[in-house]
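Asks: My structure is in target.cif, and what it holds is mmCIF, C-alpha atoms and all ligand atoms:
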data_run
#
loop_
_atom_site.label_atom_id
_atom_site.label_comp_id
_atom_site.auth_asym_id
_atom_site.auth_seq_id
_atom_site.Cartn_x
_atom_site.Cartn_y
_atom_site.Cartn_z
CA MET D 164 0.00 0.00 0.00
CA ALA D 165 1.33 3.47 -0.84
CA LYS D 166 2.60 5.42 2.15
CA ARG D 167 0.00 7.94 3.22
CA THR D 168 0.43 11.33 4.73
CA LYS D 169 -0.73 11.52 8.32
CA LEU D 170 -2.57 14.79 8.84
CA TYR D 171 -3.42 14.49 12.50
CA GLU D 172 -3.49 11.96 15.30
CA GLY D 173 -6.25 12.37 17.83
CA LYS D 174 -7.17 10.39 20.93
CA ALA D 175 -9.34 7.79 19.18
CA LYS D 176 -8.64 8.31 15.48
CA VAL D 177 -5.84 9.06 13.02
CA LEU D 178 -6.52 11.21 9.96
CA PHE D 179 -4.64 10.53 6.73
CA GLN D 180 -4.78 12.37 3.44
CA GLY D 181 -7.17 10.60 1.03
CA SER D 182 -6.12 9.60 -2.49
CA GLU D 183 -8.53 12.11 -4.10
CA PRO D 184 -8.07 15.83 -3.42
CA GLY D 185 -10.38 17.10 -0.70
CA THR D 186 -10.70 13.71 1.00
CA VAL D 187 -9.33 12.25 4.23
CA VAL D 188 -9.19 8.75 5.68
CA GLN D 189 -10.37 8.36 9.28
CA TYR D 190 -8.61 5.40 10.95
CA PHE D 191 -10.38 4.19 14.12
CA LYS D 192 -8.05 3.08 16.94
CA ASP D 193 -8.79 0.89 19.97
CA ASP D 194 -7.27 3.58 22.23
CA ALA D 195 -9.62 5.08 24.77
CA THR D 196 -9.11 8.19 26.84
CA ALA D 197 -11.25 9.96 29.38
CA PHE D 198 -11.09 13.11 31.48
CA ASN D 199 -9.19 14.90 28.73
CA ALA D 200 -6.67 12.05 28.36
CA LYS D 201 -5.82 11.89 32.09
CA LYS D 202 -7.11 8.29 31.92
CA LYS D 203 -5.84 6.11 29.10
CA GLY D 204 -6.56 2.53 28.05
CA THR D 205 -7.51 0.19 25.25
CA ILE D 206 -10.91 -1.22 24.41
CA ASN D 207 -10.31 -4.27 22.23
CA GLY D 208 -12.20 -4.08 18.96
CA LYS D 209 -13.52 -0.57 19.67
CA GLY D 210 -12.08 0.89 16.46
CA VAL D 211 -13.79 -1.72 14.32
CA LEU D 212 -17.10 -1.32 16.16
CA ASN D 213 -17.10 2.49 16.14
CA ASN D 214 -16.26 2.45 12.43
CA ILE D 215 -19.30 0.32 11.56
CA ILE D 216 -21.62 2.00 14.10
CA SER D 217 -20.70 5.48 12.88
CA GLU D 218 -21.01 4.39 9.23
CA PHE D 219 -24.51 3.02 9.91
CA ILE D 220 -25.64 6.21 11.66
CA MET D 221 -24.08 8.61 9.11
CA LEU D 222 -25.81 6.71 6.27
CA ARG D 223 -29.19 6.88 8.03
CA LEU D 224 -28.72 10.63 8.64
CA GLN D 225 -27.75 11.19 5.00
CA GLU D 226 -30.94 9.38 3.94
CA MET D 227 -32.96 11.94 5.88
CA GLY D 228 -31.10 14.80 4.21
CA ILE D 229 -28.46 15.70 6.80
CA PRO D 230 -25.24 16.61 4.96
CA THR D 231 -22.25 14.76 6.44
CA HIS D 232 -18.54 14.42 5.72
CA PHE D 233 -18.92 10.63 5.35
CA ILE D 234 -18.26 9.15 1.87
CA LYS D 235 -17.80 5.41 2.42
CA ARG D 236 -16.30 2.80 4.70
CA MET D 237 -13.09 1.48 3.15
CA ASN D 238 -12.34 -1.47 5.44
CA MET D 239 -12.86 -2.53 9.04
CA ARG D 240 -10.95 0.39 10.56
CA GLU D 241 -11.07 3.13 7.96
CA GLN D 242 -13.58 5.37 6.30
CA LEU D 243 -13.22 7.89 3.52
CA CYS D 244 -14.58 11.35 4.29
CA HIS D 245 -14.65 14.80 2.76
CA GLN D 246 -11.98 17.01 4.24
CA VAL D 247 -13.64 19.74 6.28
CA ASP D 248 -12.52 22.74 8.25
CA ILE D 249 -13.69 21.73 11.73
CA ILE D 250 -15.74 24.36 13.57
CA PRO D 251 -14.16 24.49 17.06
CA VAL D 252 -17.51 24.28 18.84
CA GLU D 253 -18.63 20.93 20.28
CA VAL D 254 -22.40 20.63 20.32
CA ILE D 255 -23.77 18.55 23.19
CA VAL D 256 -27.40 17.45 23.24
CA ARG D 257 -28.99 16.17 26.44
CA ASN D 258 -32.28 14.35 26.92
CA VAL D 259 -31.57 12.96 30.39
CA ALA D 260 -29.35 14.51 33.11
CA ALA D 261 -25.94 12.82 33.28
CA GLY D 262 -22.21 13.48 33.39
CA SER D 263 -20.92 17.01 33.71
CA MET D 264 -24.36 18.66 33.62
CA ALA D 265 -25.76 16.48 36.40
CA LYS D 266 -22.70 17.36 38.49
CA ARG D 267 -22.58 21.07 37.65
CA LEU D 268 -26.26 21.71 38.36
CA GLY D 269 -26.79 19.12 41.11
CA ILE D 270 -29.47 17.24 39.16
CA PRO D 271 -29.60 13.50 39.93
CA GLU D 272 -28.22 11.44 37.07
CA GLY D 273 -31.08 9.80 35.19
CA THR D 274 -33.59 12.65 35.59
CA ASN D 275 -35.58 13.09 32.37
CA LEU D 276 -35.15 16.67 31.18
CA PRO D 277 -38.35 18.67 30.55
CA ARG D 278 -36.98 19.46 27.08
CA SER D 279 -33.83 18.61 25.18
CA ILE D 280 -30.98 20.92 26.11
CA VAL D 281 -28.20 21.90 23.71
CA GLU D 282 -24.87 23.09 25.10
CA PHE D 283 -21.77 24.40 23.33
CA CYS D 284 -18.17 23.78 24.37
CA TYR D 285 -15.06 25.38 22.93
CA LYS D 286 -12.98 22.60 21.38
CA SER D 287 -9.65 23.02 23.15
CA ASP D 288 -7.70 20.25 24.88
CA GLU D 289 -5.53 22.79 26.74
CA LEU D 290 -8.62 24.40 28.26
CA ASP D 291 -10.53 21.11 28.84
CA ASP D 292 -13.30 21.99 26.32
CA PRO D 293 -14.93 24.74 28.43
CA LEU D 294 -18.67 25.35 28.29
CA ILE D 295 -19.44 28.49 26.26
CA SER D 296 -22.50 30.35 25.05
CA GLU D 297 -23.43 31.20 21.47
CA GLU D 298 -22.18 34.74 22.21
CA HIS D 299 -18.62 33.49 22.74
CA ALA D 300 -18.70 31.45 19.53
CA VAL D 301 -19.81 34.48 17.50
CA ALA D 302 -17.72 37.12 19.31
CA PHE D 303 -14.50 35.14 18.89
CA GLY D 304 -15.29 34.16 15.30
CA TRP D 305 -15.48 30.41 15.94
CA ALA D 306 -18.82 30.17 14.11
CA SER D 307 -21.02 32.73 12.37
CA PRO D 308 -24.66 33.28 13.43
CA GLN D 309 -25.74 31.62 10.16
CA GLU D 310 -23.54 28.60 10.82
CA ILE D 311 -24.96 28.29 14.33
CA ASP D 312 -28.51 28.43 12.90
CA ASP D 313 -27.57 25.75 10.38
CA PHE D 314 -26.00 23.33 12.85
CA MET D 315 -28.71 23.91 15.47
CA ALA D 316 -31.42 22.97 12.95
CA MET D 317 -29.48 19.82 12.03
CA THR D 318 -28.76 18.99 15.67
CA LEU D 319 -32.44 19.00 16.64
CA ARG D 320 -33.37 16.77 13.70
CA ILE D 321 -30.49 14.42 14.49
CA ASN D 322 -31.59 14.20 18.13
CA ASP D 323 -35.20 13.41 17.20
CA TYR D 324 -34.16 10.82 14.66
CA LEU D 325 -31.50 9.11 16.77
CA SER D 326 -33.69 9.10 19.91
CA GLY D 327 -36.31 7.17 17.92
CA LEU D 328 -33.78 4.90 16.24
CA PHE D 329 -32.25 3.90 19.58
CA MET D 330 -35.60 3.63 21.37
CA GLY D 331 -36.64 1.15 18.67
CA ILE D 332 -33.81 -1.14 19.79
CA GLY D 333 -34.41 -0.67 23.52
CA ILE D 334 -31.77 2.01 24.14
CA ARG D 335 -32.24 5.46 25.68
CA LEU D 336 -30.18 8.20 24.00
CA VAL D 337 -29.21 10.10 27.15
CA ASP D 338 -26.81 12.61 25.59
CA PHE D 339 -24.28 12.91 22.79
CA LYS D 340 -21.72 15.20 21.23
CA LEU D 341 -21.63 16.39 17.62
CA GLU D 342 -18.96 18.20 15.63
CA PHE D 343 -19.55 20.13 12.44
CA GLY D 344 -17.22 21.32 9.70
CA ARG D 345 -17.18 23.66 6.72
CA ILE D 346 -16.90 22.38 3.20
CA GLU D 347 -16.81 24.21 -0.12
CA ASP D 348 -19.23 22.86 -2.75
CA GLU D 349 -18.67 22.81 -6.51
CA ASN D 350 -20.04 26.38 -6.84
CA GLY D 351 -17.57 27.67 -4.27
CA ASP D 352 -20.27 28.08 -1.62
CA VAL D 353 -19.23 27.13 1.90
CA ARG D 354 -21.71 25.02 3.86
CA VAL D 355 -21.86 23.28 7.21
CA VAL D 356 -21.82 19.47 7.38
CA LEU D 357 -21.85 16.94 10.21
CA ALA D 358 -18.31 15.59 10.82
CA ASP D 359 -16.34 13.38 13.24
CA GLU D 360 -18.16 10.20 14.36
CA ILE D 361 -21.28 9.11 16.23
CA SER D 362 -20.56 6.06 18.39
CA PRO D 363 -20.67 4.87 22.01
CA ASP D 364 -17.48 6.95 22.50
CA ASN D 365 -19.45 10.17 22.25
CA CYS D 366 -23.01 9.15 23.17
CA ARG D 367 -24.48 8.02 26.47
CA LEU D 368 -26.65 4.99 25.71
CA TRP D 369 -28.64 3.29 28.46
CA ASP D 370 -30.63 0.10 28.19
CA ALA D 371 -34.26 1.30 28.17
CA LYS D 372 -35.41 -1.39 30.63
CA THR D 373 -32.49 -1.77 33.04
CA ASN D 374 -30.70 1.60 32.61
CA GLU D 375 -27.50 -0.36 32.18
CA LYS D 376 -24.80 1.79 30.56
CA MET D 377 -23.77 0.75 27.05
CA ASP D 378 -21.15 3.42 26.30
CA LYS D 379 -17.80 4.92 27.26
CA ASP D 380 -18.94 5.62 30.83
CA ARG D 381 -18.17 1.93 31.47
CA PHE D 382 -14.53 2.77 30.72
CA ARG D 383 -14.57 6.20 32.43
CA ARG D 384 -16.01 4.70 35.62
CA ASP D 385 -14.13 1.33 35.58
CA MET D 386 -17.38 -0.61 35.37
CA GLY D 387 -16.03 -3.51 33.28
CA GLY D 388 -17.85 -5.09 30.34
CA VAL D 389 -16.79 -2.25 28.02
CA GLU D 390 -16.12 -4.37 24.93
CA GLU D 391 -19.38 -6.28 25.44
CA ALA D 392 -21.37 -3.05 25.73
CA TYR D 393 -20.04 -1.65 22.42
CA GLN D 394 -20.73 -5.02 20.77
CA GLU D 395 -24.27 -5.08 22.12
CA VAL D 396 -24.98 -1.66 20.57
CA ALA D 397 -23.77 -2.97 17.18
CA ARG D 398 -25.73 -6.19 17.64
CA ARG D 399 -28.97 -4.35 18.38
CA LEU D 400 -28.42 -2.07 15.38
CA GLY D 401 -28.27 -5.28 13.34
CA ILE D 402 -24.70 -4.69 12.07
CA LEU D 403 -22.71 -7.23 14.09
CA PRO D 404 -22.16 -10.22 11.80
CA GLU D 405 -23.58 -13.58 12.90
CA GLY D 406 -20.10 -14.78 13.82
CA GLY D 407 -19.80 -11.80 16.21
CA MET D 408 -16.49 -10.11 16.98
CA ALA D 409 -14.47 -13.13 15.80
CA GLU D 410 -15.84 -12.63 12.28
CA LEU D 411 -15.22 -8.87 12.36
CA GLU D 412 -11.68 -9.29 13.67
CA GLU D 413 -10.96 -11.87 11.01
CA SER D 414 -11.87 -9.45 8.25
CA ASP D 415 -9.86 -6.77 10.10
CA SER D 416 -6.67 -8.87 10.01
CA GLU D 417 -7.25 -9.99 6.39
CA GLU D 418 -7.22 -6.36 5.29
CA SER D 419 -4.23 -5.10 7.25
N1 LIG L 501 -18.57 14.10 25.03
C1 LIG L 501 -17.63 13.77 24.07
N2 LIG L 501 -16.44 14.42 24.07
C2 LIG L 501 -16.11 15.38 24.97
C3 LIG L 501 -17.05 15.70 25.95
C4 LIG L 501 -18.27 15.04 25.96
O1 LIG L 501 -17.88 12.93 23.21
O2 LIG L 501 -14.99 15.93 24.90
C5 LIG L 501 -19.87 13.40 25.04
C6 LIG L 501 -19.98 12.41 26.19
O3 LIG L 501 -19.63 11.10 25.75
C7 LIG L 501 -21.43 12.48 26.55
C8 LIG L 501 -21.85 13.91 26.19
O4 LIG L 501 -20.87 14.37 25.26
O5 LIG L 501 -22.18 11.58 25.76
C9 LIG L 501 -21.94 14.82 27.37
O6 LIG L 501 -20.73 14.77 28.08
P1 LIG L 501 -20.52 15.56 29.45
O7 LIG L 501 -20.52 17.03 29.17
O8 LIG L 501 -21.49 15.07 30.46
O9 LIG L 501 -19.04 15.29 29.84
P2 LIG L 501 -18.35 14.02 30.49
O10 LIG L 501 -19.20 13.62 31.65
O11 LIG L 501 -18.31 13.01 29.37
O12 LIG L 501 -17.00 14.54 30.86
#
Mind converting the file's structure to structure tokens?
Replies:
Amino acid sequence: MAKRTKLYEGKAKVLFQGSEPGTVVQYFKDDATAFNAKKKGTINGKGVLNNIISEFIMLRLQEMGIPTHFIKRMNMREQLCHQVDIIPVEVIVRNVAAGSMAKRLGIPEGTNLPRSIVEFCYKSDELDDPLISEEHAVAFGWASPQEIDDFMAMTLRINDYLSGLFMGIGIRLVDFKLEFGRIEDENGDVRVVLADEISPDNCRLWDAKTNEKMDKDRFRRDMGGVEEAYQEVARRLGILPEGGMAELEESDSEES
């Protein structure tokens, strides 16, 4: 295979230049970090699972008209995407109190919120992704008012759609994080598209009956059963092959 140019290495993914101009390859690692990389570990098979889970979700969102950076899955750990200029604002959507919001506002984890709440954080590892308001994003030029309108409209549709999708397989979508990027279309117009990934790394997913956690909180809170939880999400989405992880890992090693 031709040597590729690495553009960036993040905590859970590596980005390489794609073979076509304007494309990138997202490589999904098994590395897991939490608390802004203060806790580090490995979740076996996570890269493969997040790759197929995120592919499945991005395709469903594209079908309902949400523009995304996703082009196609290339193999078990890589997907081809449009190169975007990432907007440094993380968009967090909450349906149930959990994590940092439950702690910050003293609301018991698991409380259903009276309405979905959208929060913005400034994407900065050095600053620990601080919570910001729309005013900060506009004042500091991180996103224009039009871009915020565009990604807010998409965010609310994505939340409605994914809440229903997960509820249909017995999973409560408690909260999740989205990232958006700018892309120039063939007419030279810049538009906002959904980027990054949607997977149990950046969603809180609870079993609808038992409230059992099926996401990265199992790793963050040393609860065990992390690999099994990610697999169960893929299984319920109907994308884990019949042979389970063994079959996925076999195709992973055949390709590499
Ligand atoms: N999240 C994420 N990346 C971040 C921060 C949060 O993917 O850098 C996700 C997280 O997995 C959860 C949601 O966003 O699904 C809300 O996270 P929260 O603000 O409660 O922070 P946490 O408790 O994860 O530190």
Asks: I'd like the neighbourhood of region 348-352 of chain D as a PyMOL selection string, where a residue qualifies if any of its atoms comes within 12 Å (using all atoms listed in the file), though same-chain residues fewer than 5 positions away should be ignored.
Replies: chain D and resi 185+230+232+245-247
Asks: Find the residue from D:His299, D:Arg240, D:Lys201, D:Arg223 that sits nearest to ligand LIG 501 (chain L); use all atoms listed in the file when measuring.
Replies: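 Closest to ligand LIG 501 (chain L) of all the choices is D:Lys201.
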Asks: Using all atoms listed in the file, which residues sit within 7 Å of region 363-366 of chain D once same-chain residues fewer than 4 positions away are excluded, as a PDB file with C-alpha atoms, in the frame of the given file?
Replies:
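Saved file part_38.pdb follows:
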ATOM      1  CA  ASP D 338     -26.810  12.610  25.590  1.00  0.00           C
ATOM      2  CA  PHE D 339     -24.280  12.910  22.790  1.00  0.00           C
ATOM      3  CA  LYS D 340     -21.720  15.200  21.230  1.00  0.00           C
ATOM      4  CA  ASP D 378     -21.150   3.420  26.300  1.00  0.00           C
ATOM      5  CA  LYS D 379     -17.800   4.920  27.260  1.00  0.00           C
ATOM      6  CA  TYR D 393     -20.040  -1.650  22.420  1.00  0.00           C
TER       7      TYR D 393
END
Asks: Per residue of chain D within 10 Å of ligand LIG 501 (chain L), which atom pair is closest and at what distance in Å (one decimal), using all atoms listed in the file, listed by chain and increasing number, as a tab-separated table?
Replies:
residue	atom	partner	partner_atom	distance
D:Thr196	CA	L:LIG501	O2	9.9
D:Ala197	CA	L:LIG501	O12	7.5
D:Phe198	CA	L:LIG501	O12	6.1
D:Asn199	CA	L:LIG501	O2	7.0
D:Ala200	CA	L:LIG501	O2	9.8
D:Glu253	CA	L:LIG501	C2	7.7
D:Val254	CA	L:LIG501	O4	8.1
D:Ile255	CA	L:LIG501	O4	5.5
D:Val256	CA	L:LIG501	C8	7.2
D:Arg257	CA	L:LIG501	C9	7.2
D:Ala260	CA	L:LIG501	O8	8.3
D:Ala261	CA	L:LIG501	O8	5.7
D:Gly262	CA	L:LIG501	O8	3.4
D:Ser263	CA	L:LIG501	O8	3.8
D:Met264	CA	L:LIG501	O8	5.6
D:Ala265	CA	L:LIG501	O8	7.5
D:Lys266	CA	L:LIG501	O8	8.4
D:Arg267	CA	L:LIG501	O8	9.4
D:Glu282	CA	L:LIG501	O7	8.5
D:Phe283	CA	L:LIG501	O7	9.5
D:Cys284	CA	L:LIG501	C3	8.3
D:Tyr285	CA	L:LIG501	O2	9.7
D:Lys286	CA	L:LIG501	O2	7.8
D:Ser287	CA	L:LIG501	O2	9.0
D:Asp288	CA	L:LIG501	O2	8.5
D:Asp291	CA	L:LIG501	O2	7.9
D:Asp292	CA	L:LIG501	O2	6.4
D:Pro293	CA	L:LIG501	O2	9.5
D:Leu294	CA	L:LIG501	O7	8.6
D:Leu336	CA	L:LIG501	O5	8.9
D:Val337	CA	L:LIG501	O5	7.3
D:Asp338	CA	L:LIG501	O5	4.7
D:Phe339	CA	L:LIG501	O5	3.9
D:Lys340	CA	L:LIG501	O4	4.2
D:Leu341	CA	L:LIG501	O1	7.6
D:Glu342	CA	L:LIG501	O1	9.3
D:Glu360	CA	L:LIG501	O1	9.3
D:Ile361	CA	L:LIG501	O1	8.7
D:Ser362	CA	L:LIG501	O1	8.8
D:Pro363	CA	L:LIG501	O3	7.3
D:Asp364	CA	L:LIG501	O3	5.7
D:Asn365	CA	L:LIG501	O1	3.3
D:Cys366	CA	L:LIG501	O5	3.6
D:Arg367	CA	L:LIG501	O5	4.3
D:Leu368	CA	L:LIG501	O5	8.0
D:Asp378	CA	L:LIG501	O3	7.8
D:Lys379	CA	L:LIG501	O3	6.6
D:Asp380	CA	L:LIG501	O3	7.5
D:Arg383	CA	L:LIG501	O11	8.4
Asks: Put those residues in a file: C-alpha atoms, as an mmCIF file, in the coordinates of the input.
Replies:
data_model
loop_
_atom_site.group_PDB
_atom_site.id
_atom_site.type_symbol
_atom_site.label_atom_id
_atom_site.label_comp_id
_atom_site.auth_asym_id
_atom_site.auth_seq_id
_atom_site.Cartn_x
_atom_site.Cartn_y
_atom_site.Cartn_z
ATOM 1 C CA THR D 196 -9.110 8.190 26.840
ATOM 2 C CA ALA D 197 -11.250 9.960 29.380
ATOM 3 C CA PHE D 198 -11.090 13.110 31.480
ATOM 4 C CA ASN D 199 -9.190 14.900 28.730
ATOM 5 C CA ALA D 200 -6.670 12.050 28.360
ATOM 6 C CA GLU D 253 -18.630 20.930 20.280
ATOM 7 C CA VAL D 254 -22.400 20.630 20.320
ATOM 8 C CA ILE D 255 -23.770 18.550 23.190
ATOM 9 C CA VAL D 256 -27.400 17.450 23.240
ATOM 10 C CA ARG D 257 -28.990 16.170 26.440
ATOM 11 C CA ALA D 260 -29.350 14.510 33.110
ATOM 12 C CA ALA D 261 -25.940 12.820 33.280
ATOM 13 C CA GLY D 262 -22.210 13.480 33.390
ATOM 14 C CA SER D 263 -20.920 17.010 33.710
ATOM 15 C CA MET D 264 -24.360 18.660 33.620
ATOM 16 C CA ALA D 265 -25.760 16.480 36.400
ATOM 17 C CA LYS D 266 -22.700 17.360 38.490
ATOM 18 C CA ARG D 267 -22.580 21.070 37.650
ATOM 19 C CA GLU D 282 -24.870 23.090 25.100
ATOM 20 C CA PHE D 283 -21.770 24.400 23.330
ATOM 21 C CA CYS D 284 -18.170 23.780 24.370
ATOM 22 C CA TYR D 285 -15.060 25.380 22.930
ATOM 23 C CA LYS D 286 -12.980 22.600 21.380
ATOM 24 C CA SER D 287 -9.650 23.020 23.150
ATOM 25 C CA ASP D 288 -7.700 20.250 24.880
ATOM 26 C CA ASP D 291 -10.530 21.110 28.840
ATOM 27 C CA ASP D 292 -13.300 21.990 26.320
ATOM 28 C CA PRO D 293 -14.930 24.740 28.430
ATOM 29 C CA LEU D 294 -18.670 25.350 28.290
ATOM 30 C CA LEU D 336 -30.180 8.200 24.000
ATOM 31 C CA VAL D 337 -29.210 10.100 27.150
ATOM 32 C CA ASP D 338 -26.810 12.610 25.590
ATOM 33 C CA PHE D 339 -24.280 12.910 22.790
ATOM 34 C CA LYS D 340 -21.720 15.200 21.230
ATOM 35 C CA LEU D 341 -21.630 16.390 17.620
ATOM 36 C CA GLU D 342 -18.960 18.200 15.630
ATOM 37 C CA GLU D 360 -18.160 10.200 14.360
ATOM 38 C CA ILE D 361 -21.280 9.110 16.230
ATOM 39 C CA SER D 362 -20.560 6.060 18.390
ATOM 40 C CA PRO D 363 -20.670 4.870 22.010
ATOM 41 C CA ASP D 364 -17.480 6.950 22.500
ATOM 42 C CA ASN D 365 -19.450 10.170 22.250
ATOM 43 C CA CYS D 366 -23.010 9.150 23.170
ATOM 44 C CA ARG D 367 -24.480 8.020 26.470
ATOM 45 C CA LEU D 368 -26.650 4.990 25.710
ATOM 46 C CA ASP D 378 -21.150 3.420 26.300
ATOM 47 C CA LYS D 379 -17.800 4.920 27.260
ATOM 48 C CA ASP D 380 -18.940 5.620 30.830
ATOM 49 C CA ARG D 383 -14.570 6.200 32.430
#
Asks: Looking at D:Asp415, D:Glu375, D:Asp194, D:Glu347, which one is nearest to Glu241 (chain D), with distances taken over only C-alpha atoms?
Replies: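 Smallest distance to Glu241 (chain D) is found for D:Asp415.
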Asks: Assuming 4 Å of padding per side, give the centre and edge lengths of the axis-aligned box around every listed atom of region 292-303 of chain D, in Å to one decimal and as AutoDock Vina command-line options.
Replies:
--center_x -18.4 --center_y 29.6 --center_z 23.0 --size_x 18.1 --size_y 23.1 --size_z 18.9
Asks: Interatomic distance between CA of Asp313 (chain D) and CA of Leu325 (chain D)?
Replies: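 Computing the Euclidean distance for CA of Asp313 (chain D) and CA of Leu325 (chain D) yields 18.3 Å.
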Asks: Show me, as a list of chain:residue names, the residues that have an atom within 9 Å of Ala300 (chain D) when counting all atoms listed in the file, minus same-chain residues fewer than 3 positions from it.
Replies: D:Pro251, D:Val252, D:Phe283, D:Tyr285, D:Ile295, D:Ser296, D:Glu297, D:Phe303, D:Gly304, D:Trp305, D:Ala306, D:Ser307, D:Pro308, D:Ile311
Asks: If I take CA of Gly401 (chain D) and CA of Asn374 (chain D), how far is one from the other in Å, to one decimal?
Replies: 20.6 Å
Asks: Counting all atoms listed in the file, what is within 12 Å of Met237 (chain D), bar same-chain residues fewer than 2 positions away, as a PyMOL selection string?
Replies: chain D and resi 181+187-191+211+214-215+218+233-235+239-244+415+418-419
Asks: Grab the residues selected above and save them as a JSON list (two decimals), in the coordinates of the input with C-alpha atoms.
Replies:
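So the final result, stored in again05.json, reads:
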[["chain", "number", "residue", "atom", "x", "y", "z"],
["D", 181, "GLY", "CA", -7.17, 10.60, 1.03],
["D", 187, "VAL", "CA", -9.33, 12.25, 4.23],
["D", 188, "VAL", "CA", -9.19, 8.75, 5.68],
["D", 189, "GLN", "CA", -10.37, 8.36, 9.28],
["D", 190, "TYR", "CA", -8.61, 5.40, 10.95],
["D", 191, "PHE", "CA", -10.38, 4.19, 14.12],
["D", 211, "VAL", "CA", -13.79, -1.72, 14.32],
["D", 214, "ASN", "CA", -16.26, 2.45, 12.43],
["D", 215, "ILE", "CA", -19.30, 0.32, 11.56],
["D", 218, "GLU", "CA", -21.01, 4.39, 9.23],
["D", 233, "PHE", "CA", -18.92, 10.63, 5.35],
["D", 234, "ILE", "CA", -18.26, 9.15, 1.87],
["D", 235, "LYS", "CA", -17.80, 5.41, 2.42],
["D", 239, "MET", "CA", -12.86, -2.53, 9.04],
["D", 240, "ARG", "CA", -10.95, 0.39, 10.56],
["D", 241, "GLU", "CA", -11.07, 3.13, 7.96],
["D", 242, "GLN", "CA", -13.58, 5.37, 6.30],
["D", 243, "LEU", "CA", -13.22, 7.89, 3.52],
["D", 244, "CYS", "CA", -14.58, 11.35, 4.29],
["D", 415, "ASP", "CA", -9.86, -6.77, 10.10],
["D", 418, "GLU", "CA", -7.22, -6.36, 5.29],
["D", 419, "SER", "CA", -4.23, -5.10, 7.25]]
Asks: Distance CA of Ile346 (chain D)-CA of Asn238 (chain D), one decimal place?
Replies: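 Separation between CA of Ile346 (chain D) and CA of Asn238 (chain D): 24.4 Å.
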